[in-house]
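Engineer: Okay, so here is data17.cif, and as you'll see once you scroll down, it has mmCIF, C-alpha atoms.
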data_work
#
loop_
_atom_site.label_atom_id
_atom_site.label_comp_id
_atom_site.auth_asym_id
_atom_site.auth_seq_id
_atom_site.Cartn_x
_atom_site.Cartn_y
_atom_site.Cartn_z
CA MET U 1 0.00 0.00 0.00
CA SER U 2 1.43 3.38 -0.94
CA ILE U 3 0.98 6.66 0.87
CA PHE U 4 -0.32 8.00 -2.44
CA HIS U 5 -3.03 5.35 -2.81
CA HIS U 6 -4.24 4.37 0.65
CA LYS U 7 -7.90 3.47 0.90
CA LYS U 8 -8.68 5.04 4.25
CA GLU U 9 -9.13 8.78 4.56
CA ILE U 10 -6.49 9.64 7.15
CA SER U 11 -5.73 13.25 8.05
CA ILE U 12 -2.45 14.80 6.93
CA GLN U 13 -1.69 15.57 10.58
CA THR U 14 -1.95 11.89 11.46
CA ILE U 15 0.22 10.88 8.51
CA ARG U 16 2.91 13.37 9.56
CA ARG U 17 2.97 11.89 13.06
CA LEU U 18 3.28 8.26 11.97
CA PRO U 19 7.04 8.35 11.27
CA GLN U 20 7.60 9.76 14.76
CA TYR U 21 5.65 6.89 16.29
CA LEU U 22 7.49 4.42 14.11
CA ARG U 23 10.91 5.58 15.34
CA ILE U 24 9.78 5.01 18.92
CA PHE U 25 8.39 1.57 18.12
CA TYR U 26 11.67 0.62 16.42
CA ASN U 27 13.55 1.51 19.60
CA LEU U 28 11.09 -0.39 21.77
CA HIS U 29 11.38 -3.43 19.53
CA ALA U 30 15.19 -3.27 19.71
CA TYR U 31 14.95 -3.45 23.51
CA GLY U 32 12.58 -6.39 23.39
CA ARG U 33 9.40 -4.56 24.41
CA GLU U 34 6.21 -6.26 23.28
CA LEU U 35 3.59 -3.74 24.45
CA VAL U 36 3.46 0.01 25.07
CA SER U 37 0.65 2.23 26.34
CA SER U 38 -0.51 5.45 24.74
CA THR U 39 0.41 7.19 28.01
CA ALA U 40 4.02 6.04 27.68
CA LEU U 41 4.05 7.13 24.05
CA ALA U 42 2.70 10.52 25.09
CA GLU U 43 5.68 11.04 27.37
CA GLU U 44 8.02 10.41 24.45
CA THR U 45 6.17 12.50 21.88
CA GLN U 46 4.68 15.28 24.05
CA LEU U 47 1.33 14.57 22.44
CA LEU U 48 -1.94 13.80 24.20
CA PRO U 49 -2.58 10.08 24.77
CA ILE U 50 -5.99 10.35 23.09
CA VAL U 51 -4.37 11.81 19.94
CA ILE U 52 -1.88 8.94 19.79
CA LYS U 53 -4.59 6.37 20.40
CA LYS U 54 -6.78 7.76 17.61
CA ASP U 55 -3.85 7.98 15.19
CA LEU U 56 -2.77 4.39 15.73
CA GLN U 57 -6.32 3.04 15.70
CA ALA U 58 -6.94 4.87 12.41
CA VAL U 59 -4.28 2.78 10.69
CA GLY U 60 -5.34 -0.44 12.40
CA ALA U 61 -2.53 -0.83 14.94
CA PRO U 62 -3.08 -4.02 17.00
CA SER U 63 -3.55 -3.61 20.74
CA LYS U 64 -4.24 -5.59 23.87
CA LEU U 65 -6.98 -4.48 26.25
CA ARG U 66 -5.60 -2.41 29.15
CA ALA U 67 -2.02 -3.26 28.13
CA GLY U 68 -1.36 -1.05 25.14
CA PHE U 69 -0.30 -1.42 21.53
CA LYS U 70 1.60 -4.44 20.28
CA VAL U 71 5.04 -3.22 19.25
CA ALA U 72 5.91 -5.63 16.42
CA GLY U 73 2.41 -5.60 14.98
CA THR U 74 2.19 -1.80 15.04
CA ILE U 75 5.52 -1.49 13.23
CA ALA U 76 4.23 -3.77 10.47
CA VAL U 77 0.93 -1.87 10.17
CA ILE U 78 2.53 1.59 9.96
CA GLU U 79 5.20 0.46 7.50
CA LYS U 80 2.52 -1.04 5.27
CA PHE U 81 0.33 2.05 5.48
CA LEU U 82 3.19 4.38 4.58
CA GLY U 83 4.38 2.06 1.84
CA TRP U 84 7.81 1.75 3.42
CA ASN U 85 7.97 -2.00 2.88
CA ASN U 86 7.67 -1.48 -0.89
CA LEU U 87 10.18 0.61 -2.84
CA ASN U 88 8.69 3.41 -4.94
CA LYS U 89 11.08 4.40 -7.73
CA ALA U 90 11.60 8.14 -8.15
CA PHE U 91 13.85 10.56 -10.00
CA LEU U 92 15.29 13.97 -9.21
CA VAL U 93 15.37 17.07 -11.41
CA GLY U 94 18.01 19.69 -10.61
CA VAL U 95 21.38 18.42 -9.43
CA GLY U 96 22.54 21.54 -7.58
CA HIS U 97 23.75 21.59 -3.98
CA LEU U 98 20.37 20.56 -2.55
CA GLY U 99 19.70 18.00 -5.26
CA ALA U 100 23.12 16.42 -4.83
CA ALA U 101 22.62 16.28 -1.07
CA LEU U 102 19.33 14.44 -1.52
CA LEU U 103 20.98 12.00 -3.91
CA GLY U 104 23.57 11.32 -1.21
CA PHE U 105 21.02 10.55 1.50
CA ASP U 106 21.00 6.79 1.93
CA GLY U 107 17.97 6.68 4.21
CA PHE U 108 15.32 7.03 1.51
CA LYS U 109 15.23 3.29 0.86
CA ASN U 110 14.25 2.72 4.49
CA HIS U 111 11.25 4.94 3.81
CA GLY U 112 10.04 3.28 0.63
CA LEU U 113 11.79 5.54 -1.89
CA GLU U 114 14.61 4.81 -4.33
CA ILE U 115 16.02 7.54 -6.58
CA VAL U 116 16.95 5.77 -9.81
CA ALA U 117 17.81 8.72 -12.07
CA ALA U 118 18.62 12.42 -11.99
CA PHE U 119 18.29 15.20 -14.57
CA ASP U 120 20.05 18.49 -15.20
CA THR U 121 21.11 20.76 -18.07
CA HIS U 122 24.67 21.53 -16.94
CA PRO U 123 27.11 19.92 -19.40
CA GLU U 124 29.57 19.02 -16.63
CA LYS U 125 26.88 17.04 -14.79
CA VAL U 126 25.07 15.33 -17.66
CA GLY U 127 26.52 11.92 -18.41
CA ASN U 128 28.14 11.56 -15.01
CA SER U 129 26.84 10.04 -11.79
CA VAL U 130 26.28 11.68 -8.41
CA HIS U 131 26.37 9.38 -5.40
CA GLY U 132 25.90 6.46 -7.76
CA VAL U 133 22.87 7.95 -9.56
CA GLN U 134 23.18 8.59 -13.30
CA VAL U 135 22.53 12.17 -14.44
CA TYR U 136 20.69 12.65 -17.75
CA HIS U 137 19.84 15.78 -19.72
CA THR U 138 16.39 17.17 -18.96
CA ALA U 139 15.56 16.79 -22.66
CA GLN U 140 15.47 13.04 -21.97
CA LEU U 141 12.87 13.34 -19.21
CA ALA U 142 9.79 12.11 -21.06
CA GLY U 143 11.54 9.15 -22.66
CA ILE U 144 13.12 7.83 -19.46
CA ILE U 145 9.94 8.37 -17.43
CA GLU U 146 8.00 6.28 -19.93
CA LYS U 147 10.71 3.63 -20.29
CA GLN U 148 11.07 3.07 -16.53
CA ASN U 149 7.39 3.74 -15.72
CA LEU U 150 8.30 6.33 -13.08
CA LYS U 151 5.52 8.10 -11.17
CA ILE U 152 7.34 10.17 -8.51
CA ALA U 153 9.49 13.25 -9.17
CA ILE U 154 11.67 15.24 -6.78
CA LEU U 155 12.01 18.84 -7.92
CA THR U 156 15.08 20.83 -6.81
CA VAL U 157 15.28 23.42 -9.58
CA PRO U 158 15.19 27.27 -9.43
CA ALA U 159 11.75 28.83 -9.09
CA ALA U 160 11.81 30.22 -12.64
CA ALA U 161 12.22 26.74 -14.11
CA ALA U 162 9.87 24.83 -11.82
CA GLN U 163 6.52 25.25 -13.60
CA GLY U 164 7.92 24.48 -17.03
CA ILE U 165 9.55 21.31 -15.75
CA THR U 166 6.33 20.41 -13.95
CA ASP U 167 4.31 20.73 -17.16
CA THR U 168 6.73 18.33 -18.84
CA LEU U 169 6.48 15.89 -15.94
CA VAL U 170 2.68 15.94 -15.94
CA ALA U 171 2.54 15.41 -19.70
CA ALA U 172 4.84 12.40 -19.24
CA GLY U 173 2.48 10.82 -16.71
CA ILE U 174 4.00 11.74 -13.35
CA LYS U 175 1.51 11.33 -10.47
CA ALA U 176 3.45 12.77 -7.50
CA ILE U 177 5.90 15.67 -7.14
CA TRP U 178 8.01 16.39 -4.07
CA ASN U 179 8.68 20.09 -4.62
CA PHE U 180 11.67 21.84 -3.06
CA ALA U 181 11.47 24.82 -5.43
CA PRO U 182 10.27 28.06 -3.74
CA VAL U 183 7.11 28.33 -5.84
CA ASN U 184 3.55 27.01 -5.87
CA LEU U 185 3.05 24.60 -8.74
CA THR U 186 -0.07 24.37 -10.89
CA VAL U 187 -1.02 20.77 -11.65
CA PRO U 188 -4.20 19.05 -12.88
CA PRO U 189 -6.44 16.94 -10.63
CA GLY U 190 -4.93 13.56 -9.91
CA VAL U 191 -1.36 14.82 -9.48
CA VAL U 192 -0.10 15.05 -5.89
CA VAL U 193 2.29 17.84 -4.89
CA GLN U 194 4.12 17.94 -1.57
CA LYS U 195 5.84 21.30 -1.08
CA GLU U 196 8.84 21.66 1.21
CA ASP U 197 9.22 25.37 1.94
CA ILE U 198 12.67 25.76 3.51
CA SER U 199 12.35 29.55 3.89
CA SER U 200 9.07 29.18 5.82
CA GLY U 201 10.68 26.65 8.12
CA LEU U 202 13.59 29.00 8.76
CA ALA U 203 11.22 31.91 9.41
CA GLU U 204 9.32 29.81 11.96
CA LEU U 205 12.58 28.80 13.66
CA CYS U 206 13.75 32.41 13.92
CA ALA U 207 10.36 33.54 15.27
CA LYS U 208 10.45 30.85 17.97
CA LEU U 209 14.01 31.85 18.88
CA LYS U 210 13.02 35.51 19.25
CA SER U 211 10.05 34.63 21.46
CA ARG U 212 12.25 32.94 24.07
#
Starting from the coordinates I provided, produce the structure as structure tokens.
Structural biologist:
Amino acid sequence: MSIFHHKKEISIQTIRRLPQYLRIFYNLHAYGRELVSSTALAEETQLLPIVIKKDLQAVGAPSKLRAGFKVAGTIAVIEKFLGWNNLNKAFLVGVGHLGAALLGFDGFKNHGLEIVAAFDTHPEKVGNSVHGVQVYHTAQLAGIIEKQNLKIAILTVPAAAAQGITDTLVAAGIKAIWNFAPVNLTVPPGVVVQKEDISSGLAELCAKLKSR
């Protein structure tokens, strides 16, 4: 089951909290724990027990009456829901500093994502590999997307180029875009866009720092 095609209607807030729960369950499993209560999880996450309970019940986490959630079973359920036990092949467009850093992150496979190709227009990058990922010219986008049946794109290009690249991706059949470009993308219904706004995150961090 993929995060892009799950059958249940789960809130985005719940989905964002699931990886946090999963990290805790991994640690518990490593120490041999079989059960954990929502109260104990609340102490670790600083969330209300009722929120945790509803989140885990929403994805079908197994539990034992008055004892808590089953650690191994909950790990399996969350991994399946998020699609982390099945690799989704993706590609990256824009091999600048940020793009190269993402290509070098080896943790994506643990989260159900494998970057199998990268694209750029810079002649010194095209034809070479970055962190073991082959870099192609962006003119080859449509052909490689079709050939490898890719559905997920990671966009790390300048704002001015983002919409044009997006139009090409959509025309080639892309269904999901992880957008790191500082711009809102226009896409047709049926295409999922997840925007990562680094400047907004930095602004929030600075505001919190000033309020202390």
Engineer: When the PyMOL selection byres ((chain U and resi 34) around 8) is applied to the file above, which residues end up in the set, as a PyMOL selection string?
Structural biologist: chain U and resi 28-29+32-33+35-36+70-72
Engineer: Step by step, work through what the PyMOL selection byres ((chain U and resi 153-167) around 10) selects in the shown file, and finish by giving those residues as a PyMOL selection string.
Structural biologist: chain U and resi 89-100+102+115+117-120+138+141+145+150-152+168-172+174-188+193-195
Engineer: Convert the output of the PyMOL selection byres ((chain U and resi 60) around 12) on the shown file into explicit residues, formatted as a list in words.
Structural biologist: Lys8, Ile10, Lys53, Lys54, Asp55, Leu56, Gln57, Ala58, Val59, Ala61, Pro62, Ser63, Phe69, Lys70, Gly73, Thr74, Ile75, Ala76, Val77, Ile78, Glu79, Lys80 and Phe81 of chain U
Engineer: Would you compute the distance between atom CA of U:Gly127 and atom CA of U:Gly143? Give it in Å to one decimal.
Structural biologist: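 Pair atom CA of U:Gly127 / atom CA of U:Gly143 returns 15.8 Å.
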Engineer: One decimal, Å: what's the distance from atom CA of U:Lys64 over to atom CA of U:Gly83, could you say?
Structural biologist: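 These two atoms are separated by 24.9 Å.
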Engineer: Separation of atom CA of U:Gly112 and atom CA of U:Leu82, in Å?
Structural biologist: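 Computing it gives 8.0 Å between the two atoms.
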Engineer: Nearest to U:Val192 among U:Ser11, U:Phe108, U:Gly173, U:Ala42, with distances taken over all atoms listed in the file: which residue is it?
Structural biologist: U:Gly173
Engineer: Between U:Glu9, U:Gly68, U:Tyr136, U:Asn128, which one has atoms that come closest to U:Ser38, using only C-alpha atoms?
Structural biologist: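 Closest candidate: U:Gly68.
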Engineer: Compare U:Ser199, U:Gly104, U:Val191, U:Lys109 by their minimum atom-to-atom distance to U:Asn85, counting all atoms listed in the file, and give me the closest one.
Structural biologist: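 Smallest separation from U:Asn85 among the options: U:Lys109.
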